[in-house]
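**Q** See work36.cif below, with mmCIF, C-alpha atoms.
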data_protein
#
loop_
_atom_site.label_atom_id
_atom_site.label_comp_id
_atom_site.auth_asym_id
_atom_site.auth_seq_id
_atom_site.Cartn_x
_atom_site.Cartn_y
_atom_site.Cartn_z
CA MET A 1330 71.28 121.25 69.01
CA ILE A 1331 73.59 118.71 70.66
CA ASP A 1332 72.13 116.59 73.45
CA PHE A 1333 74.94 117.18 75.96
CA VAL A 1334 73.62 114.63 78.45
CA SER A 1335 74.17 111.97 75.80
CA PHE A 1336 77.23 113.59 74.19
CA ILE A 1337 79.43 114.10 77.28
CA PRO A 1338 79.44 110.44 78.47
CA ARG A 1339 80.27 109.28 74.94
CA ALA A 1340 83.07 111.85 74.70
CA VAL A 1341 84.47 110.82 78.08
CA ALA A 1342 84.37 107.13 77.13
CA GLN A 1343 86.18 107.96 73.91
CA SER A 1344 88.78 109.98 75.81
CA ILE A 1345 89.90 107.31 78.30
CA PRO A 1346 92.25 105.39 75.93
CA LEU A 1347 93.76 108.74 74.92
CA MET A 1348 94.23 109.69 78.58
CA TYR A 1349 96.01 106.45 79.41
CA GLY A 1350 98.20 106.70 76.32
CA SER A 1351 99.16 110.35 76.80
CA THR A 1352 99.91 109.90 80.51
CA GLY A 1353 102.15 106.91 79.82
CA GLU A 1354 103.94 108.71 76.99
CA THR A 1355 104.43 111.84 79.10
CA ILE A 1356 106.19 109.83 81.81
CA SER A 1357 108.41 108.20 79.20
CA GLU A 1358 109.26 111.50 77.49
CA LYS A 1359 110.07 113.18 80.80
CA ALA A 1360 112.95 110.69 81.05
CA GLY A 1361 114.08 111.58 77.51
CA ASN A 1362 112.62 108.55 75.74
CA LEU A 1363 110.48 109.37 72.69
CA ASN A 1364 108.36 106.23 72.51
CA LEU A 1365 106.51 106.27 69.20
CA GLY A 1366 105.57 102.66 69.87
CA ILE A 1367 102.64 103.65 72.12
CA PRO A 1368 100.02 102.54 69.53
CA GLY A 1369 101.66 99.10 69.42
CA VAL A 1370 101.93 98.98 73.21
CA MET A 1371 98.20 99.72 73.57
CA TYR A 1372 97.46 97.00 71.03
CA VAL A 1373 99.59 94.43 72.85
CA GLY A 1374 98.09 95.41 76.21
CA ALA A 1375 94.62 94.88 74.79
CA ILE A 1376 95.30 91.50 73.18
CA CYS A 1377 97.10 90.21 76.29
CA GLY A 1378 94.04 91.11 78.36
CA VAL A 1379 91.82 89.44 75.77
CA ILE A 1380 93.94 86.25 75.87
CA GLY A 1381 93.73 86.06 79.66
CA SER A 1382 90.00 86.72 79.64
CA PHE A 1383 89.35 84.26 76.80
CA PHE A 1384 91.02 81.32 78.52
CA TYR A 1385 89.43 82.16 81.86
CA GLU A 1386 85.95 82.21 80.31
CA GLN A 1387 86.72 78.97 78.48
CA SER A 1388 87.83 77.32 81.72
CA MET A 1389 84.56 78.25 83.43
CA ALA A 1390 82.53 76.42 80.75
CA GLY A 1391 79.47 78.63 81.00
CA GLN A 1392 79.49 78.92 84.80
CA PRO A 1393 79.21 82.35 86.45
CA LEU A 1394 82.56 84.15 86.58
CA ASN A 1395 84.25 85.18 89.77
CA GLY A 1396 84.14 88.98 89.58
CA PHE A 1397 87.57 89.47 91.11
CA LEU A 1398 89.29 86.95 88.82
CA ALA A 1399 87.41 88.21 85.76
CA ILE A 1400 89.05 91.60 86.33
CA ALA A 1401 92.38 90.55 87.84
CA ILE A 1402 93.40 88.01 85.16
CA PRO A 1403 93.06 90.26 82.07
CA LEU A 1404 94.40 93.22 84.06
CA LEU A 1405 97.58 91.37 85.05
CA CYS A 1406 98.00 89.94 81.54
CA CYS A 1407 97.65 93.43 80.08
CA LEU A 1408 100.20 94.92 82.48
CA LEU A 1409 102.66 92.07 81.84
CA GLY A 1410 102.42 92.37 78.05
CA SER A 1411 102.80 96.16 78.16
CA PHE A 1412 105.73 95.87 80.57
CA LEU A 1413 107.54 93.50 78.22
CA MET A 1414 107.02 95.95 75.35
CA GLY A 1415 108.52 98.73 77.48
CA LEU A 1416 111.41 96.46 78.46
CA LEU A 1417 112.08 95.67 74.79
CA TYR A 1418 112.04 99.36 73.87
CA CYS A 1419 114.48 100.23 76.70
CA PHE A 1420 116.82 97.36 75.84
CA LEU A 1421 117.07 98.59 72.25
CA THR A 1422 117.23 102.34 72.90
CA VAL A 1423 118.91 102.63 76.32
CA SER A 1424 121.19 99.60 76.49
CA LEU A 1425 121.96 99.27 72.76
CA ARG A 1426 121.42 103.01 72.00
CA ALA A 1427 119.41 102.34 68.85
CA ASN A 1428 117.56 105.20 67.16
CA GLN A 1429 114.43 105.91 69.19
CA ASN A 1430 112.28 106.97 66.23
CA VAL A 1431 113.04 103.80 64.27
CA VAL A 1432 112.54 101.54 67.30
CA GLY A 1433 109.24 103.22 68.22
CA LEU A 1434 107.80 102.93 64.72
CA SER A 1435 108.98 99.32 64.48
CA MET A 1436 107.34 98.50 67.80
CA THR A 1437 104.05 99.97 66.59
CA THR A 1438 104.11 97.70 63.54
CA PHE A 1439 105.26 94.77 65.70
CA GLY A 1440 102.53 95.37 68.31
CA VAL A 1441 99.76 95.54 65.73
CA GLY A 1442 101.09 92.37 64.09
CA VAL A 1443 101.21 90.53 67.42
CA GLY A 1444 97.67 91.64 68.24
CA ASN A 1445 96.27 90.59 64.87
CA PHE A 1446 98.10 87.24 64.96
CA PHE A 1447 96.86 86.22 68.38
CA GLY A 1448 93.44 87.75 67.74
CA GLY A 1449 93.07 85.64 64.61
CA SER A 1450 94.29 82.57 66.50
CA LEU A 1451 91.68 83.06 69.23
CA MET A 1452 88.97 83.42 66.61
CA LYS A 1453 89.94 80.03 65.19
CA LEU A 1454 89.98 78.47 68.66
CA ALA A 1455 86.53 79.89 69.38
CA GLY A 1456 85.19 78.72 66.01
CA SER A 1457 83.71 82.18 65.45
CA ASP A 1458 81.66 82.73 62.28
CA VAL A 1459 82.49 86.46 62.33
CA PRO A 1460 85.99 88.05 62.49
CA SER A 1461 85.71 89.00 66.16
CA ILE A 1462 85.71 87.60 69.69
CA ALA A 1463 82.98 88.50 72.18
CA LEU A 1464 83.91 88.42 75.88
CA SER A 1465 80.62 89.77 77.15
CA ALA A 1466 80.80 88.16 80.61
CA THR A 1467 84.18 89.73 81.37
CA SER A 1468 83.05 93.03 79.87
CA GLN A 1469 80.14 93.21 82.30
CA CYS A 1470 82.62 93.11 85.20
CA PHE A 1471 84.75 95.89 83.71
CA SER A 1472 81.86 98.14 82.70
CA ARG A 1473 79.83 97.77 85.90
CA ARG A 1474 78.51 101.18 86.97
CA LEU A 1475 77.83 102.56 90.43
CA PRO A 1476 74.51 101.10 91.64
CA PHE A 1477 72.93 104.47 92.39
CA ALA A 1478 74.04 106.17 89.14
CA GLY A 1479 70.68 105.63 87.43
CA SER A 1480 68.70 107.36 90.18
CA THR A 1481 70.60 110.67 90.05
CA GLY A 1482 69.33 111.97 86.72
CA TRP A 1483 71.62 113.95 84.44
CA PHE A 1484 74.33 114.17 87.12
CA GLY A 1485 74.60 110.39 87.25
CA LYS A 1486 74.70 110.08 83.46
CA ILE A 1487 77.51 112.64 83.13
CA PHE A 1488 79.66 111.83 86.16
CA LEU A 1489 78.77 108.36 87.46
CA SER A 1490 78.03 106.23 84.41
CA TYR A 1491 81.52 104.79 83.78
CA GLY A 1492 83.45 101.65 84.66
CA PHE A 1493 86.27 101.68 87.18
CA LEU A 1494 89.00 101.96 84.52
CA ALA A 1495 87.67 105.40 83.55
CA TYR A 1496 88.04 106.74 87.08
CA LEU A 1497 91.39 105.00 87.40
CA ALA A 1498 92.66 106.89 84.34
CA VAL A 1499 91.93 110.23 86.03
CA ILE A 1500 93.54 109.08 89.30
CA ILE A 1501 96.68 107.86 87.53
CA SER A 1502 96.98 111.16 85.63
CA LEU A 1503 96.73 113.16 88.86
CA ILE A 1504 99.25 110.91 90.65
CA ALA A 1505 101.67 111.10 87.70
CA SER A 1506 101.39 114.89 87.67
CA HIS A 1507 102.07 115.09 91.40
CA VAL A 1508 105.06 112.73 91.22
CA ILE A 1509 106.63 114.56 88.27
CA GLU A 1510 106.14 118.06 89.68
CA ARG A 1511 106.29 117.66 93.46
CA THR A 1512 108.55 114.75 94.44
CA ARG A 1513 112.28 114.00 94.48
CA THR A 1514 111.71 111.07 92.10
CA GLY A 1515 110.03 113.45 89.65
CA LEU A 1516 112.90 115.91 89.99
CA TYR A 1517 115.42 113.20 89.16
CA LEU A 1518 113.24 112.04 86.27
CA ARG A 1519 113.10 115.53 84.81
CA ALA A 1520 116.83 115.95 85.30
CA VAL A 1521 117.48 112.77 83.31
CA GLY A 1522 115.27 114.02 80.50
CA GLU A 1523 116.68 117.54 80.43
CA ASN A 1524 120.41 116.97 80.89
CA PRO A 1525 121.48 113.38 81.52
CA ALA A 1526 125.18 114.30 81.72
CA THR A 1527 124.56 116.66 84.64
CA ALA A 1528 122.22 114.14 86.28
CA ASP A 1529 124.86 111.43 85.87
CA ALA A 1530 127.48 113.66 87.47
CA ALA A 1531 125.11 114.18 90.40
CA GLY A 1532 124.95 110.42 90.96
CA ILE A 1533 121.52 109.77 89.41
CA GLY A 1534 121.21 106.39 87.67
CA ILE A 1535 120.38 107.36 84.08
CA ASP A 1536 119.60 103.88 82.79
CA LYS A 1537 117.59 103.03 85.91
CA TYR A 1538 115.31 106.05 85.53
CA LYS A 1539 114.91 105.58 81.78
CA TYR A 1540 113.95 101.93 82.23
CA PHE A 1541 111.66 102.72 85.14
CA ALA A 1542 109.83 105.61 83.45
CA THR A 1543 109.39 103.87 80.10
CA CYS A 1544 108.20 100.56 81.53
CA ILE A 1545 105.73 102.29 83.87
CA GLY A 1546 104.57 104.50 80.98
CA CYS A 1547 104.01 101.46 78.75
CA MET A 1548 102.01 99.69 81.46
CA ILE A 1549 99.78 102.74 81.83
CA ALA A 1550 99.34 103.03 78.06
CA GLY A 1551 98.47 99.33 77.85
CA LEU A 1552 95.53 99.93 80.19
CA GLY A 1553 94.11 102.22 77.52
CA GLY A 1554 93.96 99.30 75.12
CA LEU A 1555 92.35 97.09 77.73
CA TYR A 1556 89.73 99.74 78.48
CA TYR A 1557 88.90 100.10 74.79
CA VAL A 1558 88.16 96.38 74.38
CA MET A 1559 86.60 95.51 77.73
CA ASP A 1560 84.56 98.64 78.37
CA TYR A 1561 84.19 100.85 75.31
CA ALA A 1562 83.79 97.97 72.80
CA SER A 1563 81.77 95.84 75.25
CA GLY A 1564 84.32 93.01 75.25
CA VAL A 1565 84.46 92.61 71.45
CA TRP A 1566 87.92 92.21 69.91
CA SER A 1567 88.28 92.83 66.18
CA ASN A 1568 91.60 93.04 64.37
CA ASP A 1569 92.62 96.56 63.33
CA ALA A 1570 89.73 98.08 65.30
CA PHE A 1571 91.75 100.61 67.32
CA GLY A 1572 92.08 103.18 64.59
CA ASP A 1573 94.58 105.95 65.28
CA ARG A 1574 93.93 106.49 68.98
CA GLY A 1575 97.55 105.69 69.87
CA TRP A 1576 98.84 108.42 67.57
CA LEU A 1577 96.36 110.93 68.97
CA ALA A 1578 97.60 110.04 72.45
CA ILE A 1579 101.15 110.94 71.40
CA ALA A 1580 99.93 114.22 69.92
CA LEU A 1581 98.15 114.99 73.18
CA VAL A 1582 101.49 115.01 75.02
CA ILE A 1583 102.52 118.07 73.00
CA PHE A 1584 99.04 119.58 73.29
CA THR A 1585 99.22 119.42 77.10
CA GLY A 1586 102.77 120.73 77.39
CA TRP A 1587 103.95 117.50 79.03
CA LYS A 1588 101.54 117.94 81.97
CA PRO A 1589 99.43 114.82 82.79
CA LYS A 1590 96.82 116.75 84.78
CA VAL A 1591 96.16 119.00 81.78
CA GLY A 1592 95.81 115.81 79.74
CA ILE A 1593 92.59 114.94 81.59
CA LEU A 1594 90.62 117.80 80.04
CA ALA A 1595 92.58 117.69 76.78
CA SER A 1596 91.73 114.02 76.31
CA MET A 1597 88.05 114.77 76.86
CA LEU A 1598 88.26 117.58 74.30
CA PHE A 1599 89.81 115.27 71.72
CA GLY A 1600 87.34 112.53 72.62
CA GLY A 1601 84.49 114.95 71.97
CA LEU A 1602 85.98 116.07 68.66
CA TYR A 1603 86.46 112.42 67.66
CA ILE A 1604 82.71 111.68 67.84
CA LEU A 1605 81.29 115.13 67.16
CA TYR A 1606 80.18 114.13 63.67
CA LEU A 1607 77.72 111.64 65.21
CA PHE A 1608 75.85 114.40 67.05
CA ILE A 1609 75.77 117.20 64.46
CA PRO A 1610 72.94 116.70 61.96
CA THR A 1611 74.29 116.73 58.42
CA GLY A 1612 71.38 115.07 56.62
CA THR A 1613 72.51 113.54 53.37
CA ASN A 1614 75.53 115.83 53.10
CA LEU A 1615 78.26 113.24 53.61
CA SER A 1616 81.02 115.72 52.78
CA MET A 1617 80.22 117.75 55.92
CA LYS A 1618 80.38 114.60 58.03
CA GLU A 1619 83.86 113.86 56.66
CA ILE A 1620 84.94 117.40 57.51
CA TYR A 1621 83.77 116.95 61.11
CA LYS A 1622 85.76 113.69 61.27
CA MET A 1623 88.87 115.70 60.42
CA LEU A 1624 88.54 118.01 63.43
CA PRO A 1625 90.86 116.14 65.87
CA TYR A 1626 93.65 116.11 63.28
CA VAL A 1627 93.14 119.73 62.28
CA VAL A 1628 93.32 120.73 65.94
CA THR A 1629 96.49 118.63 66.33
CA ILE A 1630 98.17 120.43 63.41
CA ILE A 1631 97.16 123.84 64.75
CA VAL A 1632 98.50 122.99 68.21
CA LEU A 1633 101.80 121.80 66.74
CA VAL A 1634 102.17 125.08 64.83
CA ILE A 1635 101.33 127.21 67.89
CA THR A 1636 103.64 125.18 70.13
CA SER A 1637 106.50 125.57 67.67
CA MET A 1638 106.01 129.35 67.62
CA ARG A 1639 105.92 129.76 71.41
CA ASN A 1640 109.21 130.42 73.17
CA ARG A 1641 108.10 129.68 76.73
CA ARG A 1642 110.39 127.11 78.31
CA GLU A 1643 107.59 125.18 80.02
CA SER A 1644 105.91 124.47 76.69
CA GLN A 1645 109.03 122.92 75.16
CA PRO A 1646 109.95 119.21 75.23
CA PRO A 1647 112.78 117.87 77.43
CA GLU A 1648 116.12 118.89 75.90
CA SER A 1649 117.47 115.34 75.53
CA LEU A 1650 114.22 113.89 74.18
CA GLY A 1651 114.97 111.27 71.55
CA LEU A 1652 118.75 111.45 72.04
CA PRO A 1653 120.78 108.47 73.28
CA TYR A 1654 123.08 109.14 76.22
CA PHE A 1655 126.76 108.27 75.85
CA ARG A 1656 128.50 108.51 79.20
CA GLU A 1657 131.89 108.69 77.50
CA GLU A 1658 130.94 112.05 75.95
CA ARG A 1659 130.11 113.65 79.30
#
Mind converting the file's structure to structure tokens?
**A**
Amino acid sequence: MIDFVSFIPRAVAQSIPLMYGSTGETISEKAGNLNLGIPGVMYVGAICGVIGSFFYEQSMAGQPLNGFLAIAIPLLCCLLGSFLMGLLYCFLTVSLRANQNVVGLSMTTFGVGVGNFFGGSLMKLAGSDVPSIALSATSQCFSRRLPFAGSTGWFGKIFLSYGFLAYLAVIISLIASHVIERTRTGLYLRAVGENPATADAAGIGIDKYKYFATCIGCMIAGLGGLYYVMDYASGVWSNDAFGDRGWLAIALVIFTGWKPKVGILASMLFGGLYILYLFIPTGTNLSMKEIYKMLPYVVTIIVLVITSMRNRRESQPPESLGLPYFREER
């Protein structure tokens, strides 16, 4: 039997990077931009936060960190790095009208390369004997739990045992869902993604909304990378340690039908599937463990097949997704 009191917090912690990534990608895709560079954006967001944290810890020379600065510096560095990645993507795809698939894949490779380069450089600066950087002091600020969580039994372990970035992910998803579905800005955003020619004729700034949505989406996705390093990995940066979480985040956008609020539960489902093999006893049967590791990807394939077969309009992507807009063809 699975110990759910232990399993659920681990699944939630695993789901937070996916939630940030899928929410950011949903906002971008609602404006018609298919940003396949989300894995690279998350990587850059993480390494920028690590750089800021590393130099702040070095400047303190073993003294106690200021809690506010220990959070604010890596957070701002992460948001700045992710914003610049979004700006680069928009410049290439919106201003220069380059192919969105090619640019996205290139940015993923570029982001991973940037992360590994600066990660390796920091390891040399730190004189580390192992291929990793440990920012334990900063991590303690990010992963600090509510003070009364330990005295509330199983309820505290399931609902109150997370750092602030975990709760922020849920809040951002709910706000994004409200803005997209209930506000004039969301209406204009959806119009740009569905039919940019009609939106342009109505006086909506196509480029402005595409830049805005993609840059905001990248900044949100970058927070997923920062959470992974500072909270989930306890402040330890290792090159190529992210795995395929960025790609799962993109798949989650389709799984949720482009609805950020649905992405909250969907991310937790995928997070649970991602670590299920650790909680199901398989003994010495390693082949069964490998099969359990495949579950998130099997579910992704099944969802893609079902989504392709459904004809409901609300489960379909924006009509202009991935297509450059040429005003001259209006």
**Q** Apply the PyMOL selection byres ((chain A and resi 1430) around 8) to the file shown and report the selected residues as an MDAnalysis selection string.
**A** chainID A and resid 1363:1365 1428:1429 1431:1434 1651
**Q** Would you mind telling me which residue in A:Ala1360, A:Ala1520, A:Ile1487, A:Val1591 lies nearest to Phe1333 in chain A when using all atoms listed in the file?
**A**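 Of all the options, A:Ile1487 lies closest to Phe1333 in chain A.
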**Q** Go through range 1486-1596 of chain A and flag each residue having an atom no more than 6 Å from range 1366-1385 of chain A; for those, report the closest pair of atoms plus their distance in Å to one decimal, using only C-alpha atoms, ordered by chain and rising number, as a Markdown table.
**A**
| residue | atom | partner | partner_atom | distance |
| --- | --- | --- | --- | --- |
| A:Ala1550 | CA | A:Met1371 | CA | 5.7 |
| A:Gly1551 | CA | A:Gly1374 | CA | 4.3 |
| A:Gly1554 | CA | A:Ala1375 | CA | 4.5 |
| A:Leu1555 | CA | A:Ala1375 | CA | 4.3 |
| A:Gly1575 | CA | A:Pro1368 | CA | 4.0 |
**Q** I want to know what sits within 10 Å of range 1476-1484 of chain A, based on only C-alpha atoms, with residues of the same chain fewer than 4 positions away left out; could you give that as a VMD selection string?
**A** chain A and resid 1333 to 1335 1488 to 1491
**Q** Enter the distance from CA of Val1558 in chain A to CA of Leu1494 in chain A, in Å, rounded to one decimal.
**A**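 That distance, rounded to one decimal, is 11.6 Å.
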**Q** Suppose a student applies the PyMOL selection byres ((chain A and resi 1407-1421) around 6) to this structure; what residues should they get, written as a list of chain:residue names?
**A**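 Evaluating the PyMOL selection byres ((chain A and resi 1407-1421) around 6) on this file yields A:Val1370, A:Gly1374, A:Cys1377, A:Gly1378, A:Pro1403, A:Leu1404, A:Leu1405, A:Cys1406, A:Thr1422, A:Val1423, A:Ser1424, A:Leu1425, A:Ala1427, A:Tyr1540, A:Thr1543, A:Cys1544, A:Cys1547, A:Met1548, A:Gly1551.
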**Q** When you count only C-alpha atoms, which of these residues is closest to Tyr1556 in chain A: A:Leu1577, A:Ala1542, A:Ala1390, A:Cys1470?
**A**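 Under the stated criterion, the closest residue is A:Cys1470.
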**Q** Quick one: residues within 12 Å of Phe1608 in chain A, only C-alpha atoms counted, chain neighbours fewer than 5 positions away excluded, as a PyMOL selection string?
**A** chain A and resi 1330-1337+1339-1340+1601-1603+1618+1621-1622
**Q** So, with all atoms listed in the file as the atoms that count, which of A:Ile1579, A:Leu1497, A:Ile1593, A:Ile1504 lies closest to Ser1344 in chain A?
**A**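 Closest to Ser1344 in chain A of all the choices is A:Ile1593.
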**Q** Which polymer residues have any atom within 9 Å of an atom of Arg1574 in chain A, counting only C-alpha atoms, with same-chain residues fewer than 6 positions away left out, as number ranges by chain?
**A** A: 1346-1347, 1350, 1368
**Q** Please report the interatomic distance between CA of Gly1534 in chain A and CA of Val1582 in chain A in Å with one decimal.
**A**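 A separation of 25.0 Å between them.
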**Q** Around the point (91.3, 92.6, 69.3) in the file's coordinates, collect all residues with an atom within 6 Å, using only C-alpha atoms, and return them as a ChimeraX atom specification.
**A** /A:1376,1448,1566-1568
**Q** Keeping C-alpha atoms, export the residues of the selection given above as a short mmCIF file (atom, residue, chain, number, x, y, z; two decimals), in the frame of the given file.
**A**
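Writing done, so here's again-v9.cif:
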data_model
loop_
_atom_site.label_atom_id
_atom_site.label_comp_id
_atom_site.auth_asym_id
_atom_site.auth_seq_id
_atom_site.Cartn_x
_atom_site.Cartn_y
_atom_site.Cartn_z
CA ILE A 1376 95.30 91.50 73.18
CA GLY A 1448 93.44 87.75 67.74
CA TRP A 1566 87.92 92.21 69.91
CA SER A 1567 88.28 92.83 66.18
CA ASN A 1568 91.60 93.04 64.37
#
**Q** What is the CA of Gly1586 in chain A-CA of Pro1647 in chain A distance in Å, reported with one decimal?
**A**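 CA of Pro1647 in chain A lies at a distance of 10.4 Å from CA of Gly1586 in chain A.
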**Q** Closest to Thr1629 in chain A among A:Tyr1557, A:Tyr1606, A:Tyr1654, A:Trp1576, using all atoms listed in the file?
**A** A:Trp1576
**Q** For Ala1399 in chain A, which residue out of A:Val1341, A:Ile1509, A:Leu1464, A:Val1441 is the nearest one, using all atoms listed in the file?
**A** A:Leu1464
**Q** Within 12 Å of (89.0, 119.4, 70.7) (coordinates as in the file), grab all the protein and nucleic acid residues, counting all atoms listed in the file, and write them out as number ranges by chain.
**A** A: 1340, 1344, 1577, 1581, 1584, 1592, 1594-1605, 1621-1632
**Q** For Ile1356 in chain A, find every residue with an atom within 10 Å (counting all atoms listed in the file), except residues of its own chain fewer than 5 positions away, and show them as a VMD selection string.
**A** chain A and resid 1351 1361 to 1362 1505 to 1506 1508 to 1509 1515 1518 to 1519 1539 1541 to 1547 1549 1582 1587 to 1589
**Q** Apply the PyMOL selection byres ((chain A and resi 1655) around 12) to the displayed file and report the matching residues as a PDB file with C-alpha atoms, in the frame of the given file.
**A**
ATOM      1  CA  THR A1422     117.230 102.340  72.900  1.00  0.00           C
ATOM      2  CA  VAL A1423     118.910 102.630  76.320  1.00  0.00           C
ATOM      3  CA  SER A1424     121.190  99.600  76.490  1.00  0.00           C
ATOM      4  CA  LEU A1425     121.960  99.270  72.760  1.00  0.00           C
ATOM      5  CA  ARG A1426     121.420 103.010  72.000  1.00  0.00           C
ATOM      6  CA  ALA A1427     119.410 102.340  68.850  1.00  0.00           C
ATOM      7  CA  ASN A1524     120.410 116.970  80.890  1.00  0.00           C
ATOM      8  CA  PRO A1525     121.480 113.380  81.520  1.00  0.00           C
ATOM      9  CA  ALA A1526     125.180 114.300  81.720  1.00  0.00           C
ATOM     10  CA  ASP A1529     124.860 111.430  85.870  1.00  0.00           C
ATOM     11  CA  ILE A1535     120.380 107.360  84.080  1.00  0.00           C
ATOM     12  CA  ASP A1536     119.600 103.880  82.790  1.00  0.00           C
ATOM     13  CA  SER A1649     117.470 115.340  75.530  1.00  0.00           C
ATOM     14  CA  LEU A1652     118.750 111.450  72.040  1.00  0.00           C
ATOM     15  CA  PRO A1653     120.780 108.470  73.280  1.00  0.00           C
ATOM     16  CA  TYR A1654     123.080 109.140  76.220  1.00  0.00           C
ATOM     17  CA  ARG A1656     128.500 108.510  79.200  1.00  0.00           C
ATOM     18  CA  GLU A1657     131.890 108.690  77.500  1.00  0.00           C
ATOM     19  CA  GLU A1658     130.940 112.050  75.950  1.00  0.00           C
ATOM     20  CA  ARG A1659     130.110 113.650  79.300  1.00  0.00           C
TER      21      ARG A1659
END
